[in-house]
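**Q** Sharing coords.csv (CSV, N, CA and C atoms and all ligand atoms) below.
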```csv
chain,number,residue,atom,x,y,z
M,109,MET,N,-7.0,41.9,35.6
M,109,MET,CA,-7.8,41.4,34.5
M,109,MET,C,-8.3,42.6,33.7
M,110,THR,N,-8.2,42.5,32.4
M,110,THR,CA,-8.7,43.5,31.5
M,110,THR,C,-9.8,43.0,30.7
M,111,LEU,N,-10.8,43.8,30.4
M,111,LEU,CA,-11.9,43.4,29.5
M,111,LEU,C,-11.4,43.3,28.1
M,112,PRO,N,-12.0,42.3,27.3
M,112,PRO,CA,-11.6,42.2,25.9
M,112,PRO,C,-11.9,43.5,25.2
M,113,THR,N,-11.1,43.9,24.2
M,113,THR,CA,-11.4,45.1,23.5
M,113,THR,C,-12.7,45.1,22.8
M,114,SER,N,-13.6,46.0,23.2
M,114,SER,CA,-14.9,46.2,22.7
M,114,SER,C,-15.5,45.2,21.8
M,115,PRO,N,-16.1,44.1,22.4
M,115,PRO,CA,-16.7,43.1,21.6
M,115,PRO,C,-17.7,43.6,20.6
M,116,GLN,N,-18.4,44.7,21.0
M,116,GLN,CA,-19.4,45.3,20.1
M,116,GLN,C,-18.8,45.8,18.8
M,117,LYS,N,-17.6,46.3,19.0
M,117,LYS,CA,-17.0,46.9,17.8
M,117,LYS,C,-16.6,45.8,16.9
M,118,ASP,N,-16.1,44.7,17.4
M,118,ASP,CA,-15.8,43.5,16.6
M,118,ASP,C,-17.0,43.0,15.9
M,119,ILE,N,-18.1,42.9,16.6
M,119,ILE,CA,-19.3,42.4,16.0
M,119,ILE,C,-19.7,43.4,14.8
M,120,ARG,N,-19.7,44.7,15.1
M,120,ARG,CA,-20.0,45.6,14.0
M,120,ARG,C,-19.2,45.4,12.8
M,121,GLU,N,-17.9,45.3,13.0
M,121,GLU,CA,-17.0,45.1,11.9
M,121,GLU,C,-17.3,43.8,11.2
M,122,ARG,N,-17.6,42.8,11.9
M,122,ARG,CA,-17.9,41.5,11.3
M,122,ARG,C,-19.2,41.6,10.5
M,123,LEU,N,-20.2,42.3,11.0
M,123,LEU,CA,-21.4,42.5,10.3
M,123,LEU,C,-21.2,43.4,9.0
M,124,LEU,N,-20.4,44.4,9.2
M,124,LEU,CA,-20.1,45.3,8.0
M,124,LEU,C,-19.4,44.6,6.9
M,125,ARG,N,-18.4,43.7,7.3
M,125,ARG,CA,-17.7,42.9,6.4
M,125,ARG,C,-18.6,42.0,5.6
M,126,ARG,N,-19.5,41.3,6.4
M,126,ARG,CA,-20.4,40.4,5.8
M,126,ARG,C,-21.4,41.1,4.8
M,127,ARG,N,-21.8,42.4,5.2
M,127,ARG,CA,-22.7,43.1,4.4
M,127,ARG,C,-22.0,43.5,3.1
M,128,ASP,N,-20.7,43.9,3.1
M,128,ASP,CA,-20.0,44.2,1.9
M,128,ASP,C,-19.9,43.0,1.0
M,129,GLU,N,-19.6,41.8,1.6
M,129,GLU,CA,-19.5,40.6,0.9
M,129,GLU,C,-20.9,40.3,0.2
M,130,LEU,N,-22.0,40.4,0.9
M,130,LEU,CA,-23.3,40.1,0.3
M,130,LEU,C,-23.6,41.1,-0.7
M,131,ARG,N,-23.3,42.4,-0.5
M,131,ARG,CA,-23.6,43.4,-1.6
M,131,ARG,C,-22.8,43.1,-2.9
M,132,GLY,N,-21.6,42.6,-2.7
M,132,GLY,CA,-20.8,42.2,-3.8
M,132,GLY,C,-21.4,41.1,-4.6
M,133,ARG,N,-21.9,40.1,-3.8
M,133,ARG,CA,-22.6,38.9,-4.4
M,133,ARG,C,-23.8,39.3,-5.1
M,134,LEU,N,-24.6,40.3,-4.5
M,134,LEU,CA,-25.8,40.7,-5.2
M,134,LEU,C,-25.5,41.4,-6.5
M,135,ASP,N,-24.4,42.2,-6.5
M,135,ASP,CA,-24.0,42.9,-7.8
M,135,ASP,C,-23.8,41.8,-8.8
M,136,GLN,N,-23.1,40.8,-8.4
M,136,GLN,CA,-22.7,39.7,-9.3
M,136,GLN,C,-24.0,39.0,-9.8
M,137,VAL,N,-25.0,38.8,-8.9
M,137,VAL,CA,-26.2,38.2,-9.3
M,137,VAL,C,-27.0,39.1,-10.3
M,138,ASN,N,-27.0,40.4,-10.0
M,138,ASN,CA,-27.7,41.3,-10.9
M,138,ASN,C,-27.0,41.3,-12.3
M,139,ALA,N,-25.7,41.2,-12.3
M,139,ALA,CA,-25.0,41.2,-13.6
M,139,ALA,C,-25.3,39.9,-14.3
M,140,ASP,N,-25.4,38.8,-13.6
M,140,ASP,CA,-25.7,37.5,-14.2
M,140,ASP,C,-27.1,37.6,-14.8
M,141,GLN,N,-28.0,38.2,-14.1
M,141,GLN,CA,-29.4,38.2,-14.5
M,141,GLN,C,-29.5,39.1,-15.8
M,142,ARG,N,-28.8,40.2,-15.8
M,142,ARG,CA,-28.8,41.1,-17.0
M,142,ARG,C,-28.3,40.3,-18.2
M,143,ARG,N,-27.2,39.6,-18.0
M,143,ARG,CA,-26.6,38.8,-19.1
M,143,ARG,C,-27.5,37.8,-19.6
M,144,ALA,N,-28.2,37.1,-18.6
M,144,ALA,CA,-29.1,36.0,-19.0
M,144,ALA,C,-30.3,36.5,-19.8
M,145,ALA,N,-30.8,37.7,-19.5
M,145,ALA,CA,-32.0,38.3,-20.1
M,145,ALA,C,-31.7,38.5,-21.6
M,146,GLY,N,-32.5,38.0,-22.5
M,146,GLY,CA,-32.3,38.2,-23.9
M,146,GLY,C,-31.3,37.3,-24.5
M,147,ALA,N,-30.6,36.5,-23.7
M,147,ALA,CA,-29.5,35.7,-24.3
M,147,ALA,C,-29.9,34.2,-24.3
M,148,LEU,N,-31.2,33.9,-24.3
M,148,LEU,CA,-31.6,32.5,-24.3
M,148,LEU,C,-31.2,31.8,-25.6
M,149,SER,N,-30.7,30.6,-25.5
M,149,SER,CA,-30.3,29.9,-26.6
M,149,SER,C,-31.5,29.4,-27.4
M,150,ALA,N,-31.3,29.2,-28.7
M,150,ALA,CA,-32.4,28.7,-29.5
M,150,ALA,C,-32.5,27.2,-29.4
M,151,ASP,N,-31.4,26.6,-28.9
M,151,ASP,CA,-31.3,25.2,-28.7
M,151,ASP,C,-32.0,24.8,-27.4
M,152,ALA,N,-33.0,23.9,-27.5
M,152,ALA,CA,-33.9,23.6,-26.4
M,152,ALA,C,-33.1,23.0,-25.1
M,153,PRO,N,-32.2,22.1,-25.3
M,153,PRO,CA,-31.5,21.6,-24.1
M,153,PRO,C,-30.7,22.7,-23.4
M,154,ASP,N,-30.0,23.5,-24.3
M,154,ASP,CA,-29.2,24.6,-23.7
M,154,ASP,C,-30.1,25.6,-23.0
M,155,ARG,N,-31.3,25.8,-23.6
M,155,ARG,CA,-32.2,26.7,-23.0
M,155,ARG,C,-32.7,26.2,-21.6
M,156,ALA,N,-32.9,24.9,-21.5
M,156,ALA,CA,-33.3,24.3,-20.2
M,156,ALA,C,-32.3,24.6,-19.2
M,157,ILE,N,-31.0,24.4,-19.6
M,157,ILE,CA,-29.9,24.6,-18.6
M,157,ILE,C,-29.8,26.0,-18.2
M,158,GLN,N,-30.0,26.9,-19.2
M,158,GLN,CA,-30.0,28.3,-18.9
M,158,GLN,C,-31.1,28.7,-17.9
M,159,LEU,N,-32.3,28.2,-18.1
M,159,LEU,CA,-33.4,28.6,-17.3
M,159,LEU,C,-33.1,28.0,-15.9
M,160,GLU,N,-32.6,26.9,-15.8
M,160,GLU,CA,-32.2,26.3,-14.5
M,160,GLU,C,-31.2,27.1,-13.8
M,161,ASN,N,-30.2,27.6,-14.5
M,161,ASN,CA,-29.2,28.5,-13.9
M,161,ASN,C,-29.8,29.8,-13.4
M,162,ASP,N,-30.8,30.3,-14.2
M,162,ASP,CA,-31.5,31.5,-13.8
M,162,ASP,C,-32.2,31.3,-12.5
M,163,GLU,N,-32.8,30.1,-12.3
M,163,GLU,CA,-33.5,29.8,-11.0
M,163,GLU,C,-32.5,29.8,-9.9
M,164,VAL,N,-31.3,29.2,-10.1
M,164,VAL,CA,-30.3,29.1,-9.1
M,164,VAL,C,-29.9,30.6,-8.7
M,165,ILE,N,-29.6,31.4,-9.8
M,165,ILE,CA,-29.2,32.7,-9.6
M,165,ILE,C,-30.3,33.5,-8.8
M,166,ASP,N,-31.6,33.3,-9.2
M,166,ASP,CA,-32.7,34.0,-8.5
M,166,ASP,C,-32.7,33.6,-7.0
M,167,SER,N,-32.5,32.3,-6.7
M,167,SER,CA,-32.6,31.9,-5.3
M,167,SER,C,-31.4,32.4,-4.5
M,168,ILE,N,-30.2,32.5,-5.2
M,168,ILE,CA,-29.0,33.1,-4.5
M,168,ILE,C,-29.3,34.5,-4.2
M,169,GLY,N,-29.9,35.2,-5.2
M,169,GLY,CA,-30.3,36.6,-5.0
M,169,GLY,C,-31.2,36.8,-3.8
M,170,GLN,N,-32.2,35.9,-3.7
M,170,GLN,CA,-33.2,36.0,-2.7
M,170,GLN,C,-32.6,35.8,-1.3
M,171,THR,N,-31.8,34.7,-1.2
M,171,THR,CA,-31.2,34.4,0.2
M,171,THR,C,-30.2,35.6,0.5
M,172,THR,N,-29.5,36.1,-0.5
M,172,THR,CA,-28.6,37.2,-0.2
M,172,THR,C,-29.3,38.4,0.3
M,173,ARG,N,-30.4,38.7,-0.4
M,173,ARG,CA,-31.2,39.9,0.0
M,173,ARG,C,-31.8,39.7,1.5
M,174,ALA,N,-32.3,38.5,1.7
M,174,ALA,CA,-32.8,38.2,3.0
M,174,ALA,C,-31.8,38.4,4.1
M,175,GLU,N,-30.6,37.9,3.8
M,175,GLU,CA,-29.5,38.0,4.8
M,175,GLU,C,-29.1,39.4,5.0
M,176,LEU,N,-29.1,40.2,4.0
M,176,LEU,CA,-28.8,41.6,4.1
M,176,LEU,C,-29.7,42.4,5.0
M,177,VAL,N,-31.0,42.0,4.9
M,177,VAL,CA,-32.0,42.6,5.7
M,177,VAL,C,-31.8,42.3,7.2
M,178,LYS,N,-31.4,41.0,7.4
M,178,LYS,CA,-31.1,40.6,8.8
M,178,LYS,C,-29.9,41.4,9.4
M,179,ILE,N,-28.9,41.5,8.5
M,179,ILE,CA,-27.7,42.2,8.9
M,179,ILE,C,-27.9,43.7,9.2
M,180,ASP,N,-28.7,44.3,8.4
M,180,ASP,CA,-29.1,45.7,8.6
M,180,ASP,C,-29.8,45.8,10.0
M,181,ALA,N,-30.7,44.9,10.2
M,181,ALA,CA,-31.5,44.9,11.5
M,181,ALA,C,-30.6,44.7,12.7
M,182,ALA,N,-29.6,43.8,12.5
M,182,ALA,CA,-28.6,43.6,13.6
M,182,ALA,C,-27.8,44.8,13.9
M,183,LEU,N,-27.4,45.5,12.8
M,183,LEU,CA,-26.6,46.8,13.0
M,183,LEU,C,-27.5,47.8,13.7
M,184,GLY,N,-28.8,47.8,13.3
M,184,GLY,CA,-29.7,48.7,14.0
M,184,GLY,C,-29.8,48.4,15.5
M,185,ARG,N,-29.9,47.1,15.8
M,185,ARG,CA,-30.0,46.7,17.2
M,185,ARG,C,-28.7,47.1,18.0
M,186,LEU,N,-27.5,47.0,17.3
M,186,LEU,CA,-26.3,47.4,17.9
M,186,LEU,C,-26.3,48.9,18.3
M,187,ASP,N,-26.8,49.7,17.3
M,187,ASP,CA,-26.9,51.1,17.6
M,187,ASP,C,-27.9,51.4,18.7
M,188,ALA,N,-28.9,50.6,18.8
M,188,ALA,CA,-29.9,50.8,19.8
M,188,ALA,C,-29.5,50.2,21.2
M,189,GLY,N,-28.4,49.5,21.2
M,189,GLY,CA,-28.0,48.8,22.4
M,189,GLY,C,-28.8,47.6,22.8
M,190,ARG,N,-29.5,47.0,21.7
M,190,ARG,CA,-30.3,45.9,21.9
M,190,ARG,C,-29.7,44.6,21.3
M,191,TYR,N,-28.5,44.7,20.8
M,191,TYR,CA,-27.9,43.6,20.1
M,191,TYR,C,-27.6,42.5,21.1
M,192,GLY,N,-27.9,41.2,20.7
M,192,GLY,CA,-27.6,40.1,21.5
M,192,GLY,C,-28.6,39.8,22.6
M,193,ILE,N,-29.7,40.5,22.5
M,193,ILE,CA,-30.8,40.3,23.5
M,193,ILE,C,-31.9,39.6,22.8
M,194,CYS,N,-32.3,38.5,23.4
M,194,CYS,CA,-33.4,37.7,22.7
M,194,CYS,C,-34.7,38.5,22.7
M,195,GLU,N,-35.3,38.5,21.5
M,195,GLU,CA,-36.5,39.2,21.3
M,195,GLU,C,-37.7,38.6,22.0
M,196,ASP,N,-37.6,37.3,22.3
M,196,ASP,CA,-38.7,36.6,23.0
M,196,ASP,C,-38.6,36.7,24.5
M,197,CYS,N,-37.4,36.3,25.0
M,197,CYS,CA,-37.4,36.2,26.5
M,197,CYS,C,-36.5,37.3,27.1
M,198,GLU,N,-35.9,38.2,26.3
M,198,GLU,CA,-35.1,39.3,26.8
M,198,GLU,C,-33.9,38.9,27.5
M,199,ARG,N,-33.5,37.6,27.4
M,199,ARG,CA,-32.3,37.2,28.0
M,199,ARG,C,-31.1,37.4,27.0
M,200,VAL,N,-29.9,37.4,27.5
M,200,VAL,CA,-28.8,37.6,26.6
M,200,VAL,C,-28.6,36.3,25.7
M,201,ILE,N,-28.5,36.5,24.4
M,201,ILE,CA,-28.3,35.3,23.5
M,201,ILE,C,-26.9,34.7,23.7
M,202,GLU,N,-26.8,33.4,23.7
M,202,GLU,CA,-25.6,32.7,24.0
M,202,GLU,C,-24.5,33.2,23.0
M,203,ALA,N,-23.2,33.3,23.5
M,203,ALA,CA,-22.1,33.8,22.7
M,203,ALA,C,-21.9,32.8,21.5
M,204,GLN,N,-22.0,31.5,21.8
M,204,GLN,CA,-21.7,30.6,20.7
M,204,GLN,C,-22.8,30.7,19.6
M,205,ARG,N,-24.0,31.1,20.0
M,205,ARG,CA,-25.0,31.2,18.9
M,205,ARG,C,-24.7,32.5,18.1
M,206,LEU,N,-24.3,33.5,18.8
M,206,LEU,CA,-24.0,34.8,18.0
M,206,LEU,C,-22.8,34.6,17.2
M,207,ALA,N,-21.9,33.7,17.6
M,207,ALA,CA,-20.7,33.5,16.8
M,207,ALA,C,-21.1,32.7,15.5
M,208,ALA,N,-22.1,31.9,15.6
M,208,ALA,CA,-22.5,31.1,14.5
M,208,ALA,C,-23.4,32.0,13.6
M,209,VAL,N,-24.3,32.7,14.2
M,209,VAL,CA,-25.3,33.5,13.5
M,209,VAL,C,-25.3,34.9,14.1
M,210,PRO,N,-24.4,35.8,13.6
M,210,PRO,CA,-24.3,37.1,14.2
M,210,PRO,C,-25.5,38.0,14.2
M,211,TYR,N,-26.5,37.7,13.4
M,211,TYR,CA,-27.7,38.5,13.4
M,211,TYR,C,-28.9,37.8,14.0
M,212,ALA,N,-28.6,36.8,14.9
M,212,ALA,CA,-29.6,36.0,15.6
M,212,ALA,C,-30.5,37.0,16.5
M,213,THR,N,-31.8,36.8,16.5
M,213,THR,CA,-32.6,37.6,17.3
M,213,THR,C,-33.3,36.8,18.4
M,214,GLN,N,-33.0,35.5,18.4
M,214,GLN,CA,-33.6,34.6,19.5
M,214,GLN,C,-32.5,33.8,20.1
M,215,CYS,N,-32.6,33.5,21.4
M,215,CYS,CA,-31.6,32.6,22.0
M,215,CYS,C,-31.9,31.1,21.6
M,216,LEU,N,-31.0,30.3,22.0
M,216,LEU,CA,-31.1,28.9,21.6
M,216,LEU,C,-32.3,28.3,22.3
M,217,GLN,N,-32.6,28.7,23.5
M,217,GLN,CA,-33.8,28.1,24.2
M,217,GLN,C,-35.1,28.4,23.5
M,218,CYS,N,-35.2,29.7,23.1
M,218,CYS,CA,-36.5,30.1,22.4
M,218,CYS,C,-36.6,29.4,21.0
M,219,ILE,N,-35.5,29.1,20.4
M,219,ILE,CA,-35.5,28.5,19.1
M,219,ILE,C,-35.9,27.0,19.3
M,220,SER,N,-35.4,26.4,20.3
M,220,SER,CA,-35.7,25.0,20.5
M,220,SER,C,-37.1,24.8,21.1
M,221,GLU,N,-37.6,25.8,21.9
M,221,GLU,CA,-38.9,25.8,22.5
M,221,GLU,C,-39.7,27.0,22.1
M,222,PRO,N,-40.2,27.1,20.8
M,222,PRO,CA,-40.8,28.4,20.4
M,222,PRO,C,-42.0,28.8,21.2
M,223,ASN,N,-42.7,27.9,21.8
M,223,ASN,CA,-43.9,28.2,22.5
M,223,ASN,C,-43.7,28.4,24.0
M,224,ALA,N,-42.5,28.1,24.5
M,224,ALA,CA,-42.3,28.2,26.0
M,224,ALA,C,-41.9,29.7,26.3
M,225,SER,N,-42.3,30.2,27.4
M,225,SER,CA,-41.8,31.5,27.7
M,225,SER,C,-41.4,31.7,29.2
M,301,ZN,ZN,-35.0,33.6,24.3
```
Take the structure in the file and give it back as structure tokens.
Ligand SMILES: [Zn+2]

**A**
Amino acid sequence: MTLPTSPQKDIRERLLRRRDELRGRLDQVNADQRRAAGALSADAPDRAIQLENDEVIDSIGQTTRAELVKIDAALGRLDAGRYGICEDCERVIEAQRLAAVPYATQCLQCISEPNAS
């Protein structure tokens, strides 16, 4: 029986890919925001739609930035050899949880029972 090829390397690549993707999205958001600035329509209904779009773009920007921070933190934990260890109970985070949320810092149990230890 052989060990699977370095799962840590796969995780790193996955995180780096995701980070590139998010950075690309953030560039797009910034470009949209630049375009939106100073380009408000004089027509009130159009303006309302534009402002609404701006809010959507802002919130996409915020979630994207928040996820980037988490991914950077996960990469830092990988480097420190702490990746996949629950910050609360120090147990290994379930593989299926990491597959769904690669930057998870808590195991399923700690998430479902935040006050238990
Ligand atoms: Zn835990």

**Q** Determine the nearest neighbour of ligand ZN 301 (chain M) from the options M:Glu121, M:Ala212, M:Gln204, M:Cys197, counting all atoms listed in the file.

**A**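 Of the candidates, the smallest distance to ligand ZN 301 (chain M) is held by M:Cys197.
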
**Q** Residues within 6.5 Å of ligand ZN 301 (chain M) should be enumerated using only N, CA and C atoms and all ligand atoms and returned as a ChimeraX atom specification.

**A** /M:194-199,214-219

**Q** Restrict the selected residues to N, CA and C atoms and save them as a PDB file, in the coordinates of the input.

**A**
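So out_17.pdb came out as:
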```pdb
ATOM      1  N   CYS M 194     -32.300  38.500  23.400  1.00  0.00           N
ATOM      2  CA  CYS M 194     -33.400  37.700  22.700  1.00  0.00           C
ATOM      3  C   CYS M 194     -34.700  38.500  22.700  1.00  0.00           C
ATOM      4  N   GLU M 195     -35.300  38.500  21.500  1.00  0.00           N
ATOM      5  CA  GLU M 195     -36.500  39.200  21.300  1.00  0.00           C
ATOM      6  C   GLU M 195     -37.700  38.600  22.000  1.00  0.00           C
ATOM      7  N   ASP M 196     -37.600  37.300  22.300  1.00  0.00           N
ATOM      8  CA  ASP M 196     -38.700  36.600  23.000  1.00  0.00           C
ATOM      9  C   ASP M 196     -38.600  36.700  24.500  1.00  0.00           C
ATOM     10  N   CYS M 197     -37.400  36.300  25.000  1.00  0.00           N
ATOM     11  CA  CYS M 197     -37.400  36.200  26.500  1.00  0.00           C
ATOM     12  C   CYS M 197     -36.500  37.300  27.100  1.00  0.00           C
ATOM     13  N   GLU M 198     -35.900  38.200  26.300  1.00  0.00           N
ATOM     14  CA  GLU M 198     -35.100  39.300  26.800  1.00  0.00           C
ATOM     15  C   GLU M 198     -33.900  38.900  27.500  1.00  0.00           C
ATOM     16  N   ARG M 199     -33.500  37.600  27.400  1.00  0.00           N
ATOM     17  CA  ARG M 199     -32.300  37.200  28.000  1.00  0.00           C
ATOM     18  C   ARG M 199     -31.100  37.400  27.000  1.00  0.00           C
ATOM     19  N   GLN M 214     -33.000  35.500  18.400  1.00  0.00           N
ATOM     20  CA  GLN M 214     -33.600  34.600  19.500  1.00  0.00           C
ATOM     21  C   GLN M 214     -32.500  33.800  20.100  1.00  0.00           C
ATOM     22  N   CYS M 215     -32.600  33.500  21.400  1.00  0.00           N
ATOM     23  CA  CYS M 215     -31.600  32.600  22.000  1.00  0.00           C
ATOM     24  C   CYS M 215     -31.900  31.100  21.600  1.00  0.00           C
ATOM     25  N   LEU M 216     -31.000  30.300  22.000  1.00  0.00           N
ATOM     26  CA  LEU M 216     -31.100  28.900  21.600  1.00  0.00           C
ATOM     27  C   LEU M 216     -32.300  28.300  22.300  1.00  0.00           C
ATOM     28  N   GLN M 217     -32.600  28.700  23.500  1.00  0.00           N
ATOM     29  CA  GLN M 217     -33.800  28.100  24.200  1.00  0.00           C
ATOM     30  C   GLN M 217     -35.100  28.400  23.500  1.00  0.00           C
ATOM     31  N   CYS M 218     -35.200  29.700  23.100  1.00  0.00           N
ATOM     32  CA  CYS M 218     -36.500  30.100  22.400  1.00  0.00           C
ATOM     33  C   CYS M 218     -36.600  29.400  21.000  1.00  0.00           C
ATOM     34  N   ILE M 219     -35.500  29.100  20.400  1.00  0.00           N
ATOM     35  CA  ILE M 219     -35.500  28.500  19.100  1.00  0.00           C
ATOM     36  C   ILE M 219     -35.900  27.000  19.300  1.00  0.00           C
TER      37      ILE M 219
END
```

**Q** M:Lys178, M:Arg131, M:Ala188, M:Ala156: which is nearest Pro210 (chain M), counting only C-alpha atoms?

**A**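 So, comparing all the options, the nearest one is M:Lys178.
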
**Q** Which distance in Å separates atom C of Ile168 (chain M) and CA of Ala139 (chain M), to one decimal?

**A**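 Atom-to-atom, atom C of Ile168 (chain M) and CA of Ala139 (chain M) are spaced 12.3 Å apart.
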
**Q** Chain M: which residues are helix (DSSP H, G or I) by DSSP, as a PyMOL selection string?

**A** chain M and resi 115-144+152-188+203-208+216-220

**Q** Counting only N, CA and C atoms, which residue out of M:Val200, M:Ile179, M:Ala144, M:Lys117 sits closest to Asp162 (chain M)?

**A** M:Ala144

**Q** Please list as a VMD selection string every residue within 8 Å of Leu134 (chain M), counting all atoms listed in the file and excluding residues in the same chain fewer than 5 positions away.

**A** chain M and resid 128 to 129 139 to 140 168 to 169 172 to 173

**Q** If I take CA of Arg185 (chain M) and atom C of Arg122 (chain M), how far is one from the other in Å, to one decimal?

**A**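 The value is 13.7 Å.
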
**Q** Hey, can you check how far CA of Leu148 (chain M) sits from atom C of Gln136 (chain M)?

**A** 17.6 Å

**Q** Complete region 173-181 of chain M at the level of all heavy atoms, written as a CSV table (one decimal), keeping the file's coordinate frame.

**A**
```
chain,number,residue,atom,x,y,z
M,173,ARG,N,-30.4,38.7,-0.4
M,173,ARG,CA,-31.2,39.9,0.0
M,173,ARG,C,-31.8,39.7,1.5
M,173,ARG,O,-31.8,40.6,2.3
M,173,ARG,CB,-32.3,40.2,-1.0
M,173,ARG,CG,-31.8,41.2,-2.0
M,173,ARG,CD,-33.0,41.6,-2.9
M,173,ARG,NE,-33.5,40.5,-3.8
M,173,ARG,CZ,-33.0,40.3,-5.0
M,173,ARG,NH1,-32.1,41.1,-5.5
M,173,ARG,NH2,-33.4,39.3,-5.7
M,174,ALA,N,-32.3,38.5,1.7
M,174,ALA,CA,-32.8,38.2,3.0
M,174,ALA,C,-31.8,38.4,4.1
M,174,ALA,O,-32.1,38.9,5.2
M,174,ALA,CB,-33.4,36.8,3.0
M,175,GLU,N,-30.6,37.9,3.8
M,175,GLU,CA,-29.5,38.0,4.8
M,175,GLU,C,-29.1,39.4,5.0
M,175,GLU,O,-28.8,39.9,6.2
M,175,GLU,CB,-28.3,37.1,4.5
M,175,GLU,CG,-27.4,36.9,5.6
M,175,GLU,CD,-26.2,36.0,5.3
M,175,GLU,OE1,-26.3,35.2,4.4
M,175,GLU,OE2,-25.2,36.1,6.0
M,176,LEU,N,-29.1,40.2,4.0
M,176,LEU,CA,-28.8,41.6,4.1
M,176,LEU,C,-29.7,42.4,5.0
M,176,LEU,O,-29.3,43.2,5.8
M,176,LEU,CB,-28.8,42.3,2.7
M,176,LEU,CG,-27.5,42.3,1.9
M,176,LEU,CD1,-27.7,42.8,0.5
M,176,LEU,CD2,-26.4,43.1,2.6
M,177,VAL,N,-31.0,42.0,4.9
M,177,VAL,CA,-32.0,42.6,5.7
M,177,VAL,C,-31.8,42.3,7.2
M,177,VAL,O,-31.8,43.2,8.0
M,177,VAL,CB,-33.4,42.1,5.3
M,177,VAL,CG1,-34.5,42.5,6.3
M,177,VAL,CG2,-33.8,42.7,3.9
M,178,LYS,N,-31.4,41.0,7.4
M,178,LYS,CA,-31.1,40.6,8.8
M,178,LYS,C,-29.9,41.4,9.4
M,178,LYS,O,-29.8,41.7,10.5
M,178,LYS,CB,-30.9,39.1,8.9
M,178,LYS,CG,-32.1,38.3,8.7
M,178,LYS,CD,-31.8,36.9,8.7
M,178,LYS,CE,-32.9,36.0,8.1
M,178,LYS,NZ,-32.4,34.6,7.8
M,179,ILE,N,-28.9,41.5,8.5
M,179,ILE,CA,-27.7,42.2,8.9
M,179,ILE,C,-27.9,43.7,9.2
M,179,ILE,O,-27.5,44.2,10.3
M,179,ILE,CB,-26.5,42.0,7.9
M,179,ILE,CG1,-26.0,40.6,8.0
M,179,ILE,CG2,-25.4,43.0,8.1
M,179,ILE,CD1,-25.0,40.2,6.9
M,180,ASP,N,-28.7,44.3,8.4
M,180,ASP,CA,-29.1,45.7,8.6
M,180,ASP,C,-29.8,45.8,10.0
M,180,ASP,O,-29.6,46.7,10.7
M,180,ASP,CB,-29.9,46.3,7.5
M,180,ASP,CG,-29.1,46.7,6.3
M,180,ASP,OD1,-27.9,47.0,6.5
M,180,ASP,OD2,-29.6,46.8,5.2
M,181,ALA,N,-30.7,44.9,10.2
M,181,ALA,CA,-31.5,44.9,11.5
M,181,ALA,C,-30.6,44.7,12.7
M,181,ALA,O,-30.7,45.4,13.7
M,181,ALA,CB,-32.6,43.8,11.4
```
